[in-house]
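target_13.cif follows; it contains mmCIF, C-alpha atoms.
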```
data_input
loop_
_atom_site.group_PDB
_atom_site.id
_atom_site.type_symbol
_atom_site.label_atom_id
_atom_site.label_comp_id
_atom_site.auth_asym_id
_atom_site.auth_seq_id
_atom_site.Cartn_x
_atom_site.Cartn_y
_atom_site.Cartn_z
ATOM 1 C CA ASP F 1 139.019 112.611 164.154
ATOM 2 C CA PHE F 2 135.763 113.226 165.990
ATOM 3 C CA GLN F 3 132.987 111.358 167.768
ATOM 4 C CA ALA F 4 129.348 112.256 167.205
ATOM 5 C CA ASN F 5 125.775 111.054 167.388
ATOM 6 C CA THR F 6 124.173 110.181 164.065
ATOM 7 C CA THR F 7 120.887 108.900 162.729
ATOM 8 C CA MET F 8 122.564 105.475 162.704
ATOM 9 C CA GLY F 9 124.023 105.597 166.219
ATOM 10 C CA LYS F 10 127.295 106.781 167.724
ATOM 11 C CA LEU F 11 130.126 107.307 165.250
ATOM 12 C CA SER F 12 133.884 107.532 165.729
ATOM 13 C CA PHE F 13 134.890 109.028 162.392
ATOM 14 C CA HIS F 14 138.382 107.565 161.890
ATOM 15 C CA GLN F 15 137.267 104.124 163.016
ATOM 16 C CA TRP F 16 134.214 104.314 160.747
ATOM 17 C CA ILE F 17 136.273 105.203 157.639
ATOM 18 C CA GLU F 18 139.126 102.771 158.382
ATOM 19 C CA GLY F 19 140.654 101.659 155.049
ATOM 20 C CA LYS F 20 137.976 103.403 152.962
ATOM 21 C CA TRP F 21 137.543 106.598 151.054
ATOM 22 C CA ALA F 22 135.053 108.960 152.698
ATOM 23 C CA ILE F 23 132.795 111.846 151.741
ATOM 24 C CA LEU F 24 131.681 114.280 154.430
ATOM 25 C CA PHE F 25 128.843 116.348 153.007
ATOM 26 C CA CYS F 26 128.138 119.361 155.238
ATOM 27 C CA HIS F 27 125.020 121.510 155.554
ATOM 28 C CA PRO F 28 124.218 124.714 157.432
ATOM 29 C CA ALA F 29 120.921 123.367 158.808
ATOM 30 C CA ALA F 30 118.199 120.772 158.393
ATOM 31 C CA PHE F 31 115.031 121.434 156.391
ATOM 32 C CA THR F 32 116.649 123.966 154.058
ATOM 33 C CA PRO F 33 115.288 123.421 150.534
ATOM 34 C CA VAL F 34 118.623 123.263 148.703
ATOM 35 C CA CYS F 35 120.141 120.847 151.238
ATOM 36 C CA THR F 36 117.028 118.667 151.106
ATOM 37 C CA THR F 37 117.504 118.152 147.361
ATOM 38 C CA GLU F 38 121.222 117.524 147.830
ATOM 39 C CA VAL F 39 120.834 114.839 150.501
ATOM 40 C CA GLY F 40 118.070 113.173 148.489
ATOM 41 C CA THR F 41 120.190 113.130 145.341
ATOM 42 C CA LEU F 42 123.183 111.871 147.318
ATOM 43 C CA ALA F 43 120.942 109.033 148.550
ATOM 44 C CA MET F 44 119.985 108.219 144.944
ATOM 45 C CA PHE F 45 123.668 107.686 144.106
ATOM 46 C CA TYR F 46 124.716 106.174 147.426
ATOM 47 C CA ASN F 47 125.056 102.649 146.002
ATOM 48 C CA THR F 48 127.444 103.937 143.327
ATOM 49 C CA PHE F 49 129.636 105.660 145.908
ATOM 50 C CA SER F 50 129.500 102.639 148.191
ATOM 51 C CA SER F 51 130.382 100.152 145.442
ATOM 52 C CA ASN F 52 133.420 102.341 144.634
ATOM 53 C CA GLY F 53 134.654 102.004 148.213
ATOM 54 C CA PHE F 54 133.337 105.275 149.658
ATOM 55 C CA ARG F 55 131.768 105.858 153.037
ATOM 56 C CA VAL F 56 129.255 108.716 152.920
ATOM 57 C CA ALA F 57 128.008 110.905 155.768
ATOM 58 C CA THR F 58 126.273 114.252 156.056
ATOM 59 C CA LEU F 59 126.759 116.764 158.841
ATOM 60 C CA SER F 60 124.688 119.681 160.113
ATOM 61 C CA ARG F 61 124.282 121.714 163.291
ATOM 62 C CA ASP F 62 121.011 120.044 164.203
ATOM 63 C CA SER F 63 119.976 117.676 166.972
ATOM 64 C CA ILE F 64 119.401 113.972 166.313
ATOM 65 C CA GLU F 65 115.657 114.530 166.693
ATOM 66 C CA ASP F 66 115.695 117.206 163.999
ATOM 67 C CA LEU F 67 117.822 115.039 161.696
ATOM 68 C CA VAL F 68 115.461 112.070 162.079
ATOM 69 C CA ALA F 69 112.508 114.319 161.201
ATOM 70 C CA TRP F 70 114.446 115.868 158.299
ATOM 71 C CA LYS F 71 115.347 112.403 157.009
ATOM 72 C CA ARG F 72 111.615 111.555 156.819
ATOM 73 C CA ASP F 73 110.981 114.886 155.065
ATOM 74 C CA ILE F 74 113.742 114.249 152.500
ATOM 75 C CA ILE F 75 112.387 110.784 151.702
ATOM 76 C CA ALA F 76 108.864 112.218 151.305
ATOM 77 C CA HIS F 77 110.222 115.018 149.061
ATOM 78 C CA PHE F 78 111.533 112.265 146.761
ATOM 79 C CA ASP F 79 108.107 110.524 146.736
ATOM 80 C CA ASN F 80 109.358 107.775 149.082
ATOM 81 C CA ARG F 81 111.538 106.390 146.262
ATOM 82 C CA ILE F 82 114.849 106.757 148.094
ATOM 83 C CA ARG F 83 116.457 105.391 151.220
ATOM 84 C CA ILE F 84 119.062 107.260 153.201
ATOM 85 C CA ASN F 85 121.519 104.485 154.017
ATOM 86 C CA PHE F 86 124.269 106.706 155.400
ATOM 87 C CA PRO F 87 124.653 108.459 158.740
ATOM 88 C CA MET F 88 123.469 112.013 159.192
ATOM 89 C CA ILE F 89 125.777 113.511 161.817
ATOM 90 C CA ALA F 90 124.407 115.829 164.512
ATOM 91 C CA ASP F 91 126.732 118.719 165.366
ATOM 92 C CA PRO F 92 124.525 120.977 167.543
ATOM 93 C CA SER F 93 127.539 122.572 169.261
ATOM 94 C CA ARG F 94 129.239 123.025 165.854
ATOM 95 C CA GLU F 95 132.384 121.453 167.310
ATOM 96 C CA VAL F 96 133.025 119.463 164.115
ATOM 97 C CA ALA F 97 132.203 122.479 161.946
ATOM 98 C CA VAL F 98 134.857 124.505 163.791
ATOM 99 C CA LYS F 99 137.390 121.661 163.603
ATOM 100 C CA TYR F 100 136.917 121.390 159.810
ATOM 101 C CA GLY F 101 137.031 125.161 159.254
ATOM 102 C CA MET F 102 133.366 125.576 158.325
ATOM 103 C CA VAL F 103 132.766 128.149 161.067
ATOM 104 C CA ASP F 104 135.083 130.752 162.545
ATOM 105 C CA PRO F 105 135.744 129.594 166.131
ATOM 106 C CA ARG F 106 134.827 133.076 167.414
ATOM 107 C CA LEU F 107 131.378 132.716 165.806
ATOM 108 C CA ARG F 108 130.703 129.125 166.903
ATOM 109 C CA ASP F 109 127.838 130.108 169.227
ATOM 110 C CA ASN F 110 126.340 132.693 166.876
ATOM 111 C CA PHE F 111 123.773 130.600 165.023
ATOM 112 C CA ASP F 112 122.795 133.600 162.882
ATOM 113 C CA VAL F 113 126.078 132.890 161.077
ATOM 114 C CA PRO F 114 125.569 129.673 159.083
ATOM 115 C CA SER F 115 128.166 126.962 158.662
ATOM 116 C CA ASN F 116 129.740 126.710 155.230
ATOM 117 C CA ARG F 117 128.289 124.257 152.740
ATOM 118 C CA ASP F 118 131.377 122.138 152.259
ATOM 119 C CA VAL F 119 132.256 118.741 150.841
ATOM 120 C CA PHE F 120 135.338 116.906 152.072
ATOM 121 C CA VAL F 121 136.797 113.841 150.355
ATOM 122 C CA ILE F 122 139.147 111.900 152.606
ATOM 123 C CA GLY F 123 141.425 109.107 151.427
ATOM 124 C CA PRO F 124 142.012 105.695 153.007
ATOM 125 C CA ASP F 125 145.098 107.228 154.649
ATOM 126 C CA LYS F 126 142.692 109.571 156.526
ATOM 127 C CA ARG F 127 144.125 112.616 154.759
ATOM 128 C CA LEU F 128 142.100 115.283 153.057
ATOM 129 C CA LYS F 129 142.183 114.820 149.272
ATOM 130 C CA LEU F 130 139.685 117.519 148.290
ATOM 131 C CA SER F 131 137.492 120.186 149.817
ATOM 132 C CA MET F 132 134.862 122.243 148.044
ATOM 133 C CA ASN F 133 132.931 125.192 149.428
ATOM 134 C CA TYR F 134 129.600 126.260 147.975
ATOM 135 C CA HIS F 135 127.518 129.390 148.368
ATOM 136 C CA LEU F 136 124.376 128.919 150.456
ATOM 137 C CA THR F 137 122.120 129.331 147.414
ATOM 138 C CA LEU F 138 123.981 126.925 145.108
ATOM 139 C CA GLY F 139 123.119 123.237 145.043
ATOM 140 C CA ARG F 140 126.007 120.826 144.693
ATOM 141 C CA SER F 141 126.266 118.528 141.680
ATOM 142 C CA ILE F 142 126.366 114.882 142.709
ATOM 143 C CA HIS F 143 127.434 113.991 139.152
ATOM 144 C CA GLU F 144 130.477 116.247 139.569
ATOM 145 C CA LEU F 145 131.214 114.671 142.947
ATOM 146 C CA LEU F 146 131.118 111.215 141.328
ATOM 147 C CA ARG F 147 133.512 112.399 138.600
ATOM 148 C CA ILE F 148 135.860 113.872 141.186
ATOM 149 C CA CYS F 149 135.837 110.699 143.263
ATOM 150 C CA ASP F 150 136.581 108.577 140.182
ATOM 151 C CA ALA F 151 139.471 110.885 139.245
ATOM 152 C CA LEU F 152 140.904 110.891 142.779
ATOM 153 C CA GLN F 153 140.828 107.101 142.952
ATOM 154 C CA LEU F 154 142.368 106.741 139.488
ATOM 155 C CA SER F 155 145.186 109.156 140.265
ATOM 156 C CA ALA F 156 145.798 107.390 143.602
ATOM 157 C CA ARG F 157 146.154 104.035 141.782
ATOM 158 C CA GLU F 158 148.108 105.247 138.760
ATOM 159 C CA SER F 159 150.698 107.957 138.232
ATOM 160 C CA ILE F 160 148.386 110.226 136.245
ATOM 161 C CA ALA F 161 146.555 113.548 136.382
ATOM 162 C CA THR F 162 143.153 114.132 134.837
ATOM 163 C CA PRO F 163 142.566 117.151 132.567
ATOM 164 C CA ALA F 164 139.563 119.465 132.531
ATOM 165 C CA SER F 165 136.262 117.738 131.734
ATOM 166 C CA TRP F 166 137.731 114.256 132.203
ATOM 167 C CA PRO F 167 136.531 111.635 131.220
ATOM 168 C CA ASN F 168 134.778 113.468 128.388
ATOM 169 C CA ASN F 169 137.819 115.500 127.396
ATOM 170 C CA HIS F 170 139.230 115.419 123.864
ATOM 171 C CA ALA F 171 136.122 113.670 122.518
ATOM 172 C CA ASP F 172 136.869 114.796 118.944
ATOM 173 C CA LEU F 173 140.642 114.432 119.030
ATOM 174 C CA VAL F 174 142.252 111.562 117.090
ATOM 175 C CA VAL F 175 146.030 111.058 117.156
ATOM 176 C CA ASN F 176 147.639 108.320 115.034
ATOM 177 C CA SER F 177 144.187 106.749 114.501
ATOM 178 C CA ARG F 178 143.621 106.611 118.260
ATOM 179 C CA VAL F 179 140.592 108.383 119.762
ATOM 180 C CA MET F 180 141.807 110.499 122.656
ATOM 181 C CA LYS F 181 138.505 110.820 124.574
ATOM 182 C CA GLY F 182 139.182 110.300 128.265
ATOM 183 C CA SER F 183 142.915 110.730 127.893
ATOM 184 C CA VAL F 184 144.927 111.539 130.997
ATOM 185 C CA PHE F 185 148.301 113.126 131.649
ATOM 186 C CA LEU F 186 151.084 110.754 132.568
ATOM 187 C CA LEU F 187 153.200 111.991 135.427
ATOM 188 C CA SER F 188 156.969 111.763 135.286
ATOM 189 C CA THR F 189 156.957 108.895 137.793
ATOM 190 C CA ILE F 190 155.495 106.431 135.276
ATOM 191 C CA THR F 191 157.698 104.004 133.358
ATOM 192 C CA ASP F 192 157.794 103.855 129.546
ATOM 193 C CA GLU F 193 156.263 100.364 129.718
ATOM 194 C CA ASP F 194 153.346 101.603 131.837
ATOM 195 C CA ALA F 195 152.935 104.601 129.516
ATOM 196 C CA ASP F 196 152.302 102.255 126.594
ATOM 197 C CA ASN F 197 149.309 100.833 128.490
ATOM 198 C CA PHE F 198 147.619 104.227 128.598
#
```
Kindly transcribe the structure held in the file into structure tokens.
Amino acid sequence: DFQANTTMGKLSFHQWIEGKWAILFCHPAAFTPVCTTEVGTLAMFYNTFSSNGFRVATLSRDSIEDLVAWKRDIIAHFDNRIRINFPMIADPSREVAVKYGMVDPRLRDNFDVPSNRDVFVIGPDKRLKLSMNYHLTLGRSIHELLRICDALQLSARESIATPASWPNNHADLVVNSRVMKGSVFLLSTITDEDADNF
């Protein structure tokens, strides 16, 4: 858990995510070109994440003033066609970045060493379900993040595992006249009756 200032006011993370899934999207710094496109694209898909029960927040080492200015810049970069309806968390001391393993604690005050570009997906039980780390020059795919979130929620509801490329896997496979596109693996905890429903 952590408390922080955001572009939408003070935030107590565990209280804010209570009973919801959460995405914490982390950036090394404001105004970087790759991160600007990522936050803007995340904003474009925010309603989809939100309607699926996800809270979304971004985090960077910047002050609130810098994040407010960056927010305006991101919106302008997307021709004023987006709204950023999620909190942008200020972590100028990099306390949260250290807590989440994005910065070596010994390098916390060395701002020449950037924070990792990580994504954390946290379940309603407040436990980490997925973390992804990206190179500083590689933009994250919001479409892939949506797919991952769908798969995590499905596997949390049902006793299944999703294969590579789900839900577009096995698009050309037909077994006993049944198209297998989007098929999943049933885990051993599922009953025969439930298996028939998949």
**Asked** If you count only C-alpha atoms, which residues fall within 10 Å of stretch 26-40 of chain F, apart from same-chain ones fewer than 4 positions away, as number ranges by chain?
**Response** F: 44-46, 57-63, 66-71, 73-78, 81-84, 88-89, 91-92, 94, 97, 102-103, 111, 113-120, 133, 136-142
With C-alpha atoms kept, could you save the residues just selected as a short mmCIF file (atom, residue, chain, number, x, y, z; two decimals), keeping the file's coordinate frame?
```
data_model
loop_
_atom_site.label_atom_id
_atom_site.label_comp_id
_atom_site.auth_asym_id
_atom_site.auth_seq_id
_atom_site.Cartn_x
_atom_site.Cartn_y
_atom_site.Cartn_z
CA MET F 44 119.98 108.22 144.94
CA PHE F 45 123.67 107.69 144.11
CA TYR F 46 124.72 106.17 147.43
CA ALA F 57 128.01 110.90 155.77
CA THR F 58 126.27 114.25 156.06
CA LEU F 59 126.76 116.76 158.84
CA SER F 60 124.69 119.68 160.11
CA ARG F 61 124.28 121.71 163.29
CA ASP F 62 121.01 120.04 164.20
CA SER F 63 119.98 117.68 166.97
CA ASP F 66 115.70 117.21 164.00
CA LEU F 67 117.82 115.04 161.70
CA VAL F 68 115.46 112.07 162.08
CA ALA F 69 112.51 114.32 161.20
CA TRP F 70 114.45 115.87 158.30
CA LYS F 71 115.35 112.40 157.01
CA ASP F 73 110.98 114.89 155.06
CA ILE F 74 113.74 114.25 152.50
CA ILE F 75 112.39 110.78 151.70
CA ALA F 76 108.86 112.22 151.30
CA HIS F 77 110.22 115.02 149.06
CA PHE F 78 111.53 112.26 146.76
CA ARG F 81 111.54 106.39 146.26
CA ILE F 82 114.85 106.76 148.09
CA ARG F 83 116.46 105.39 151.22
CA ILE F 84 119.06 107.26 153.20
CA MET F 88 123.47 112.01 159.19
CA ILE F 89 125.78 113.51 161.82
CA ASP F 91 126.73 118.72 165.37
CA PRO F 92 124.52 120.98 167.54
CA ARG F 94 129.24 123.02 165.85
CA ALA F 97 132.20 122.48 161.95
CA MET F 102 133.37 125.58 158.32
CA VAL F 103 132.77 128.15 161.07
CA PHE F 111 123.77 130.60 165.02
CA VAL F 113 126.08 132.89 161.08
CA PRO F 114 125.57 129.67 159.08
CA SER F 115 128.17 126.96 158.66
CA ASN F 116 129.74 126.71 155.23
CA ARG F 117 128.29 124.26 152.74
CA ASP F 118 131.38 122.14 152.26
CA VAL F 119 132.26 118.74 150.84
CA PHE F 120 135.34 116.91 152.07
CA ASN F 133 132.93 125.19 149.43
CA LEU F 136 124.38 128.92 150.46
CA THR F 137 122.12 129.33 147.41
CA LEU F 138 123.98 126.92 145.11
CA GLY F 139 123.12 123.24 145.04
CA ARG F 140 126.01 120.83 144.69
CA SER F 141 126.27 118.53 141.68
CA ILE F 142 126.37 114.88 142.71
#
```
**Prompt:** Which one is closest to F:Leu146: F:Val121, F:Leu187, F:Ala4, F:Met180? Count only C-alpha atoms.
**Reply:**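 Answer, going by the shortest atom-to-atom distance: F:Val121.
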**Prompt:** If you measure from atom CA of F:Phe2 to atom CA of F:Val96, what distance in Å do you get, rounded to one decimal?
**Reply:** 7.1 Å
**Request:** Could you tell me how far atom CA of F:Ile17 lies from atom CA of F:Asp125, in Å and to one decimal?
**Result:** 9.5 Å
Assuming the chain letters and numbering stay as they are in my file, what does the PyMOL selection byres ((chain F and resi 160) around 7) actually select? List them as a compact mmCIF listing (two decimals) with C-alpha atoms, keeping the file's coordinate frame.
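Result written to out_22.txt:
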```txt
# COMPACT_ATOMS: atom_id res chain seq x y z
CA SER F 155 145.19 109.16 140.26
CA GLU F 158 148.11 105.25 138.76
CA SER F 159 150.70 107.96 138.23
CA ALA F 161 146.56 113.55 136.38
CA THR F 162 143.15 114.13 134.84
CA VAL F 184 144.93 111.54 131.00
CA PHE F 185 148.30 113.13 131.65
CA LEU F 186 151.08 110.75 132.57
CA LEU F 187 153.20 111.99 135.43
```
**Item:** Nearest residue to F:Asn5 from the set F:Pro163, F:Pro124, F:Pro87, F:Gly19 (distances using only C-alpha atoms)
**Value:**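 Using only C-alpha atoms, F:Asn5 sits closest to F:Pro87.
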**Fill in**
From atom CA of F:Phe86 to atom CA of F:Arg157 the spacing works out at 25.9 Å
**Request:** Name the closest residue to F:Phe54 among the candidates F:His135, F:Lys181, F:Lys10, F:Lys20; distances are taken between atoms, counting only C-alpha atoms.
**Result:**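 Smallest distance to F:Phe54 is found for F:Lys20.
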**Request:** Pick out the closest residue to F:Val56 from this set: F:Ala22, F:Leu107, F:Val98, F:Leu152. Count all atoms listed in the file.
**Result:**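 Checking each candidate against F:Val56, we get F:Ala22 as the closest.
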**Message:** My list of candidates is F:Arg147, F:His170, F:Arg106, F:Lys129. Which is closest to F:Leu24 when distances are computed with only C-alpha atoms?
**Reply:**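 Among the listed residues, F:Lys129 lies closest to F:Leu24.
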**Message:** Just checking: using all atoms listed in the file, which residue out of F:Ser51, F:Glu65, F:Ile23, F:Gln3 ends up closest to F:Ser131?
**Reply:**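 Looking at the shortest contact to F:Ser131, the residue is F:Ile23.
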**Asked** What residues come out when you apply the PyMOL selection byres ((chain F and resi 14) around 9) to this file, written as a list in words?
**Response**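 Matching residues under the PyMOL selection byres ((chain F and resi 14) around 9) are Asp1, Phe2, Gln3, Leu11, Ser12, Phe13, Gln15, Trp16, Ile17, Glu18 and Lys126 of chain F.
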For a cutoff of 10 Å around the file-coordinate point (136.3, 112.4, 126.3), which residues qualify once you count only C-alpha atoms? I'd like the result as a CSV table (one decimal) with C-alpha atoms, in the frame of the given file.
```csv
chain,number,residue,atom,x,y,z
F,164,ALA,CA,139.6,119.5,132.5
F,165,SER,CA,136.3,117.7,131.7
F,166,TRP,CA,137.7,114.3,132.2
F,167,PRO,CA,136.5,111.6,131.2
F,168,ASN,CA,134.8,113.5,128.4
F,169,ASN,CA,137.8,115.5,127.4
F,170,HIS,CA,139.2,115.4,123.9
F,171,ALA,CA,136.1,113.7,122.5
F,172,ASP,CA,136.9,114.8,118.9
F,173,LEU,CA,140.6,114.4,119.0
F,179,VAL,CA,140.6,108.4,119.8
F,180,MET,CA,141.8,110.5,122.7
F,181,LYS,CA,138.5,110.8,124.6
F,182,GLY,CA,139.2,110.3,128.3
F,183,SER,CA,142.9,110.7,127.9
F,184,VAL,CA,144.9,111.5,131.0
```
